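Asker: This is start00.cif, which holds mmCIF, C-alpha atoms:
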```
data_query
#
loop_
_atom_site.group_PDB
_atom_site.id
_atom_site.type_symbol
_atom_site.label_atom_id
_atom_site.label_comp_id
_atom_site.auth_asym_id
_atom_site.auth_seq_id
_atom_site.Cartn_x
_atom_site.Cartn_y
_atom_site.Cartn_z
ATOM 1 C CA MET D 21 75.971 11.475 56.816
ATOM 2 C CA ALA D 22 74.708 15.065 57.142
ATOM 3 C CA GLU D 23 76.089 17.249 59.885
ATOM 4 C CA GLN D 24 73.575 18.142 62.602
ATOM 5 C CA LYS D 25 73.073 21.816 63.432
ATOM 6 C CA LYS D 26 73.404 22.664 67.061
ATOM 7 C CA LYS D 27 70.525 24.499 68.682
ATOM 8 C CA GLY D 28 70.515 26.560 71.878
ATOM 9 C CA THR D 29 73.237 28.432 73.687
ATOM 10 C CA THR D 30 76.386 27.313 75.361
ATOM 11 C CA LEU D 31 77.129 27.748 79.034
ATOM 12 C CA ILE D 32 79.732 30.423 78.201
ATOM 13 C CA GLU D 33 77.169 32.440 76.252
ATOM 14 C CA LYS D 34 74.695 32.244 79.124
ATOM 15 C CA MET D 35 77.324 33.276 81.653
ATOM 16 C CA THR D 36 78.325 36.238 79.470
ATOM 17 C CA VAL D 37 74.726 37.444 79.288
ATOM 18 C CA ILE D 38 74.335 37.112 83.070
ATOM 19 C CA ALA D 39 77.599 38.999 83.687
ATOM 20 C CA ILE D 40 76.537 41.858 81.395
ATOM 21 C CA ALA D 41 73.125 42.025 83.075
ATOM 22 C CA GLY D 42 74.823 42.171 86.475
ATOM 23 C CA ILE D 43 77.071 45.043 85.420
ATOM 24 C CA VAL D 44 74.143 47.011 84.002
ATOM 25 C CA ALA D 45 72.104 46.380 87.164
ATOM 26 C CA ALA D 46 74.958 47.487 89.445
ATOM 27 C CA ALA D 47 75.336 50.738 87.519
ATOM 28 C CA GLY D 48 71.595 51.321 87.711
ATOM 29 C CA VAL D 49 71.493 50.735 91.464
ATOM 30 C CA GLN D 50 74.329 53.234 92.072
ATOM 31 C CA THR D 51 72.651 55.834 89.859
ATOM 32 C CA TYR D 52 69.388 55.388 91.752
ATOM 33 C CA GLN D 53 71.163 55.708 95.124
ATOM 34 C CA ASP D 54 72.818 58.931 93.936
ATOM 35 C CA TYR D 55 69.426 60.227 92.797
ATOM 36 C CA LEU D 56 67.923 59.523 96.230
ATOM 37 C CA ALA D 57 70.818 61.301 97.961
ATOM 38 C CA GLN D 58 70.412 64.320 95.675
ATOM 39 C CA LYS D 59 66.709 64.432 96.454
ATOM 40 C CA GLN D 60 67.416 64.312 100.207
ATOM 41 C CA VAL D 61 70.020 67.091 99.957
ATOM 42 C CA THR D 62 67.549 69.221 98.000
ATOM 43 C CA GLU D 63 65.068 68.692 100.841
ATOM 44 C CA ALA D 64 67.636 70.100 103.297
ATOM 45 C CA VAL D 65 68.439 73.060 101.036
ATOM 46 C CA ASP D 66 64.732 73.876 100.708
ATOM 47 C CA LEU D 67 64.406 73.824 104.490
ATOM 48 C CA MET D 68 67.385 76.160 104.884
ATOM 49 C CA ASN D 69 66.150 78.461 102.105
ATOM 50 C CA ALA D 70 62.895 78.954 104.012
ATOM 51 C CA ALA D 71 64.927 79.893 107.101
ATOM 52 C CA LYS D 72 67.170 82.151 104.989
ATOM 53 C CA ILE D 73 64.240 84.330 103.942
ATOM 54 C CA ILE D 74 63.093 84.830 107.526
ATOM 55 C CA VAL D 75 66.631 85.439 108.853
ATOM 56 C CA THR D 76 67.304 87.988 106.099
ATOM 57 C CA ARG D 77 64.107 89.860 106.914
ATOM 58 C CA PHE D 78 64.993 89.830 110.615
ATOM 59 C CA TYR D 79 68.535 91.090 109.943
ATOM 60 C CA LEU D 80 67.417 93.874 107.606
ATOM 61 C CA ASP D 81 64.777 95.032 110.108
ATOM 62 C CA GLN D 82 66.786 94.653 113.338
ATOM 63 C CA LYS D 83 70.364 95.185 112.058
ATOM 64 C CA ILE D 84 71.484 92.172 114.128
ATOM 65 C CA TRP D 85 71.399 88.420 113.606
ATOM 66 C CA PRO D 86 68.746 86.465 115.507
ATOM 67 C CA THR D 87 69.772 84.704 118.691
ATOM 68 C CA LEU D 88 69.109 80.998 119.067
ATOM 69 C CA THR D 89 65.899 81.747 120.947
ATOM 70 C CA GLU D 90 64.756 84.215 118.292
ATOM 71 C CA PHE D 91 65.686 81.795 115.517
ATOM 72 C CA ASN D 92 63.693 79.022 117.174
ATOM 73 C CA SER D 93 60.661 81.280 117.528
ATOM 74 C CA LEU D 94 60.912 82.543 113.939
ATOM 75 C CA ILE D 95 61.555 79.242 112.154
ATOM 76 C CA ALA D 96 58.589 76.954 112.649
ATOM 77 C CA VAL D 97 59.890 73.993 110.644
ATOM 78 C CA GLN D 98 63.397 72.882 111.609
ATOM 79 C CA THR D 99 63.269 69.192 110.747
ATOM 80 C CA SER D 100 62.024 67.042 107.905
ATOM 81 C CA GLU D 101 61.897 63.402 106.919
ATOM 82 C CA HIS D 102 65.658 63.266 106.297
ATOM 83 C CA VAL D 103 66.943 66.309 108.207
ATOM 84 C CA ALA D 104 67.468 65.963 111.958
ATOM 85 C CA SER D 105 67.865 69.706 112.547
ATOM 86 C CA ILE D 106 68.741 73.082 111.183
ATOM 87 C CA THR D 107 70.775 75.179 113.566
ATOM 88 C CA PRO D 108 71.922 78.791 113.447
ATOM 89 C CA THR D 109 75.382 80.088 114.245
ATOM 90 C CA THR D 110 76.217 83.768 114.587
ATOM 91 C CA PHE D 111 79.734 84.946 113.777
ATOM 92 C CA ALA D 112 81.404 88.329 114.077
ATOM 93 C CA LEU D 113 81.290 88.570 110.282
ATOM 94 C CA GLY D 114 78.039 86.826 109.464
ATOM 95 C CA PHE D 115 75.470 84.141 110.032
ATOM 96 C CA GLN D 116 75.213 80.471 109.130
ATOM 97 C CA VAL D 117 72.430 77.896 109.066
ATOM 98 C CA THR D 118 73.551 74.255 109.215
ATOM 99 C CA ALA D 119 71.340 71.313 108.287
ATOM 100 C CA THR D 120 72.309 67.970 109.816
ATOM 101 C CA PHE D 121 71.008 64.778 108.262
ATOM 102 C CA ASN D 122 69.486 61.953 110.295
ATOM 103 C CA ALA D 123 71.601 59.115 111.641
ATOM 104 C CA SER D 124 69.374 56.617 109.849
ATOM 105 C CA GLY D 125 66.798 56.551 107.083
ATOM 106 C CA VAL D 126 68.964 58.590 104.695
ATOM 107 C CA SER D 127 71.323 57.656 101.904
ATOM 108 C CA THR D 128 74.569 56.161 103.127
ATOM 109 C CA GLY D 129 76.633 59.142 101.996
ATOM 110 C CA LEU D 130 74.509 61.541 104.072
ATOM 111 C CA VAL D 131 74.348 59.869 107.493
ATOM 112 C CA ASN D 132 75.119 62.539 110.127
ATOM 113 C CA LYS D 133 76.562 64.833 107.429
ATOM 114 C CA THR D 134 75.933 68.561 107.240
ATOM 115 C CA ILE D 135 75.233 71.153 104.596
ATOM 116 C CA VAL D 136 75.583 74.866 105.273
ATOM 117 C CA LEU D 137 74.109 78.144 104.078
ATOM 118 C CA ALA D 138 75.928 81.296 105.157
ATOM 119 C CA THR D 139 75.963 85.039 104.650
ATOM 120 C CA ALA D 140 78.067 87.998 105.642
ATOM 121 C CA ASN D 141 75.445 90.642 104.887
ATOM 122 C CA GLY D 142 72.027 88.991 104.764
ATOM 123 C CA LEU D 143 71.697 89.663 101.051
ATOM 124 C CA THR D 144 74.200 87.276 99.485
ATOM 125 C CA TRP D 145 74.142 83.709 100.728
ATOM 126 C CA ALA D 146 76.627 80.948 99.930
ATOM 127 C CA CYS D 147 75.484 77.358 99.986
ATOM 128 C CA ASP D 148 78.006 74.660 100.807
ATOM 129 C CA ASP D 149 80.832 76.675 99.347
ATOM 130 C CA HIS D 150 84.386 77.007 100.611
ATOM 131 C CA THR D 151 83.971 80.786 100.547
ATOM 132 C CA ILE D 152 81.820 80.306 103.647
ATOM 133 C CA ASN D 153 85.063 79.908 105.561
ATOM 134 C CA ALA D 154 85.545 83.659 105.095
ATOM 135 C CA ILE D 155 83.043 84.164 107.919
ATOM 136 C CA LYS D 156 84.729 81.409 109.939
ATOM 137 C CA GLY D 157 81.832 79.016 109.533
ATOM 138 C CA SER D 158 82.115 75.254 109.320
ATOM 139 C CA LEU D 159 82.827 73.674 105.987
ATOM 140 C CA PRO D 160 80.293 71.309 104.424
ATOM 141 C CA THR D 161 80.594 67.556 104.582
ATOM 142 C CA ILE D 162 78.263 66.661 101.705
ATOM 143 C CA PRO D 163 79.986 65.250 98.607
ATOM 144 C CA SER D 164 79.587 67.664 95.691
ATOM 145 C CA LYS D 165 77.884 65.033 93.507
ATOM 146 C CA TYR D 166 74.849 65.165 95.815
ATOM 147 C CA ARG D 167 74.500 68.958 95.947
ATOM 148 C CA PRO D 168 71.966 70.842 93.834
ATOM 149 C CA GLU D 169 73.281 73.363 91.287
ATOM 150 C CA SER D 170 72.745 76.222 93.717
ATOM 151 C CA CYS D 171 75.245 74.605 96.119
ATOM 152 C CA GLU D 172 78.115 73.697 93.824
#
```
Translate this file's structure into structure tokens.
Answerer:
Amino acid sequence: MAEQKKKGTTLIEKMTVIAIAGIVAAAGVQTYQDYLAQKQVTEAVDLMNAAKIIVTRFYLDQKIWPTLTEFNSLIAVQTSEHVASITPTTFALGFQVTATFNASGVSTGLVNKTIVLATANGLTWACDDHTINAIKGSLPTIPSKYRPESCE
């Protein structure tokens, strides 16, 4: 009697394929979430960069940093879809703009986190860098994997 050839796949083979597909999907989801967070951080940096230009011009013209009232009158856009606020802080040795992310509607790693842009002279700005502490500003709370190249 001739031996019959088996056709189809076994349960183990099917389970292996499903497990591999699950692993690939999980990696893809995490990569996409990181991409979204990076995009949202870039949005905050763009908002602060717009403020930076105006603050620098003010400082070079006036020889002082803008007060909160002056900052608010100079900077028309201080929020965005993912940024709750950008706020200025004046220090004896410089100036800092802090962007705070929304409490909801942002990537999990960004909820209520901050990113900072600071300067000691109005010409050189540091973005989310530990050298910012030299002007006694607050340190950033954004994980480095989400920051754009200009903020690493």
Asker: Atom CA of D:Gly48 to atom CA of D:Lys165: how many Å, to one decimal?
Answerer: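 Atom CA of D:Lys165 lies at a distance of 16.2 Å from atom CA of D:Gly48.
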Asker: Set the distance at 10 Å and use only C-alpha atoms: which residues neighbour stretch 115-121 of chain D once local chain neighbours fewer than 5 positions away are removed? I'd like the list as a PyMOL selection string.
Answerer: chain D and resi 60-61+64-65+67-69+71-72+75-76+79+84-86+98-110+126-127+130-142+145-148+152+155-162
Asker: I need the residue nearest D:Gly114 from this list: D:Thr128, D:Thr89, D:Thr144, D:Thr36. Use all atoms listed in the file for the distance.
Answerer: D:Thr144
Asker: Could you tell me which of D:Leu56, D:Leu143, D:Val44, D:Val97 comes closest to D:Arg77 if we count all atoms listed in the file?
Answerer: D:Leu143
Asker: Kindly give the distance, in Å, that separates atom CA of D:Ala112 and atom CA of D:Thr87, rounded to a single decimal.
Answerer: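 Between atom CA of D:Ala112 and atom CA of D:Thr87 the gap works out to 13.0 Å.
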Asker: Around stretch 60-66 of chain D, fit a box with edges along x, y and z, padding it by 4 Å on each side, then list its centre and edge lengths in Å to one decimal as lines of an AutoDock Vina configuration file.
Answerer:
```
center_x = 67.4
center_y = 69.1
center_z = 100.6
size_x = 13.3
size_y = 17.6
size_z = 13.3
```
Asker: For a test of reading the model, state the distance in Å between atom CA of D:Ile38 and atom CA of D:Gln50, rounded to one decimal.
Answerer: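 According to the coordinates, atom CA of D:Ile38 and atom CA of D:Gln50 are separated by 18.5 Å.
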Asker: Smallest atom-to-atom distance to D:Phe78: which of D:Ile95, D:Tyr166, D:Val37, D:Thr62, using all atoms listed in the file?
Answerer: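 Checking each candidate against D:Phe78, we get D:Ile95 as the closest.
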Asker: Write a file for stretch 95-145 of chain D of the given structure; include N, CA and C atoms and format it as a compact mmCIF listing (two decimals), in the first residue's frame.
Answerer:
```
# COMPACT_ATOMS: atom_id res chain seq x y z
N ILE D 95 4.94 87.36 21.60
CA ILE D 95 4.77 86.00 21.07
C ILE D 95 3.29 85.71 20.90
N ALA D 96 2.84 85.78 19.67
CA ALA D 96 1.41 85.61 19.39
C ALA D 96 0.94 84.17 19.57
N VAL D 97 1.76 83.21 19.16
CA VAL D 97 1.35 81.81 19.24
C VAL D 97 2.14 81.13 20.36
N GLN D 98 1.43 80.74 21.42
CA GLN D 98 2.08 80.11 22.57
C GLN D 98 1.54 78.72 22.87
N THR D 99 0.68 78.22 22.03
CA THR D 99 0.15 76.87 22.18
C THR D 99 0.04 76.24 20.80
N SER D 100 -0.13 74.94 20.79
CA SER D 100 -0.36 74.23 19.53
C SER D 100 -1.19 73.00 19.84
N GLU D 101 -1.36 72.16 18.87
CA GLU D 101 -2.19 70.97 19.06
C GLU D 101 -1.71 70.10 20.22
N HIS D 102 -0.40 70.00 20.41
CA HIS D 102 0.15 69.12 21.43
C HIS D 102 0.86 69.86 22.56
N VAL D 103 1.03 71.16 22.42
CA VAL D 103 1.75 71.96 23.43
C VAL D 103 0.75 72.82 24.19
N ALA D 104 0.72 72.64 25.51
CA ALA D 104 -0.21 73.40 26.35
C ALA D 104 0.24 74.85 26.48
N SER D 105 1.56 75.07 26.58
CA SER D 105 2.06 76.44 26.74
C SER D 105 3.55 76.51 26.50
N ILE D 106 3.99 77.71 26.15
CA ILE D 106 5.41 78.02 26.22
C ILE D 106 5.52 79.19 27.19
N THR D 107 6.44 79.06 28.11
CA THR D 107 6.57 80.08 29.15
C THR D 107 8.02 80.54 29.25
N PRO D 108 8.20 81.84 29.50
CA PRO D 108 9.55 82.37 29.64
C PRO D 108 10.00 82.38 31.09
N THR D 109 11.29 82.30 31.30
CA THR D 109 11.86 82.47 32.63
C THR D 109 13.15 83.27 32.46
N THR D 110 13.26 84.35 33.23
CA THR D 110 14.47 85.17 33.19
C THR D 110 15.35 84.81 34.38
N PHE D 111 16.63 84.64 34.11
CA PHE D 111 17.60 84.33 35.15
C PHE D 111 18.66 85.42 35.17
N ALA D 112 19.42 85.48 36.23
CA ALA D 112 20.50 86.46 36.32
C ALA D 112 21.48 86.27 35.17
N LEU D 113 21.67 85.03 34.73
CA LEU D 113 22.65 84.75 33.68
C LEU D 113 22.03 84.36 32.35
N GLY D 114 20.75 84.59 32.15
CA GLY D 114 20.18 84.22 30.87
C GLY D 114 18.67 84.15 30.85
N PHE D 115 18.18 83.47 29.83
CA PHE D 115 16.75 83.42 29.56
C PHE D 115 16.40 82.02 29.07
N GLN D 116 15.23 81.56 29.43
CA GLN D 116 14.78 80.22 29.05
C GLN D 116 13.32 80.24 28.62
N VAL D 117 13.02 79.48 27.58
CA VAL D 117 11.64 79.26 27.15
C VAL D 117 11.37 77.77 27.38
N THR D 118 10.26 77.47 28.06
CA THR D 118 9.89 76.10 28.36
C THR D 118 8.57 75.77 27.69
N ALA D 119 8.55 74.68 26.94
CA ALA D 119 7.31 74.19 26.34
C ALA D 119 6.81 73.03 27.18
N THR D 120 5.54 73.09 27.55
CA THR D 120 4.91 72.02 28.34
C THR D 120 3.87 71.33 27.47
N PHE D 121 3.96 70.01 27.40
CA PHE D 121 3.01 69.26 26.59
C PHE D 121 1.67 69.11 27.29
N ASN D 122 0.64 68.87 26.52
CA ASN D 122 -0.71 68.69 27.04
C ASN D 122 -0.78 67.50 27.99
N ALA D 123 -1.82 67.50 28.80
CA ALA D 123 -2.06 66.38 29.73
C ALA D 123 -2.73 65.21 29.02
N SER D 124 -3.27 65.46 27.85
CA SER D 124 -3.90 64.39 27.08
C SER D 124 -3.76 64.70 25.59
N GLY D 125 -3.96 63.70 24.76
CA GLY D 125 -3.88 63.90 23.33
C GLY D 125 -2.46 63.92 22.78
N VAL D 126 -1.48 63.53 23.62
CA VAL D 126 -0.09 63.44 23.17
C VAL D 126 0.41 62.02 23.43
N SER D 127 1.54 61.71 22.88
CA SER D 127 2.14 60.40 23.12
C SER D 127 2.36 60.20 24.61
N THR D 128 2.25 58.97 25.04
CA THR D 128 2.34 58.64 26.46
C THR D 128 3.60 59.17 27.11
N GLY D 129 4.71 59.11 26.43
CA GLY D 129 5.98 59.58 26.99
C GLY D 129 6.11 61.08 27.11
N LEU D 130 5.11 61.83 26.62
CA LEU D 130 5.19 63.29 26.62
C LEU D 130 4.18 63.97 27.54
N VAL D 131 3.26 63.23 28.10
CA VAL D 131 2.19 63.81 28.92
C VAL D 131 2.79 64.66 30.04
N ASN D 132 2.43 65.94 30.04
CA ASN D 132 2.88 66.92 31.05
C ASN D 132 4.40 67.09 31.12
N LYS D 133 5.13 66.63 30.14
CA LYS D 133 6.59 66.77 30.13
C LYS D 133 6.96 68.13 29.55
N THR D 134 8.22 68.50 29.75
CA THR D 134 8.69 69.79 29.25
C THR D 134 9.94 69.62 28.40
N ILE D 135 10.14 70.60 27.54
CA ILE D 135 11.37 70.71 26.76
C ILE D 135 11.78 72.17 26.84
N VAL D 136 13.08 72.42 26.94
CA VAL D 136 13.54 73.79 27.18
C VAL D 136 14.50 74.26 26.11
N LEU D 137 14.53 75.58 25.95
CA LEU D 137 15.43 76.27 25.04
C LEU D 137 15.98 77.44 25.83
N ALA D 138 17.29 77.53 25.99
CA ALA D 138 17.85 78.56 26.86
C ALA D 138 19.07 79.22 26.24
N THR D 139 19.35 80.42 26.73
CA THR D 139 20.50 81.18 26.25
C THR D 139 21.09 82.01 27.39
N ALA D 140 22.36 82.27 27.29
CA ALA D 140 23.00 83.17 28.24
C ALA D 140 23.26 84.53 27.60
N ASN D 141 23.27 84.58 26.27
CA ASN D 141 23.62 85.82 25.59
C ASN D 141 22.68 86.23 24.46
N GLY D 142 21.68 85.46 24.18
CA GLY D 142 20.74 85.78 23.11
C GLY D 142 21.21 85.32 21.74
N LEU D 143 22.46 84.95 21.62
CA LEU D 143 22.99 84.54 20.33
C LEU D 143 23.14 83.02 20.22
N THR D 144 23.57 82.39 21.29
CA THR D 144 23.73 80.94 21.32
C THR D 144 22.66 80.36 22.21
N TRP D 145 21.86 79.48 21.65
CA TRP D 145 20.77 78.85 22.39
C TRP D 145 21.06 77.36 22.53
```
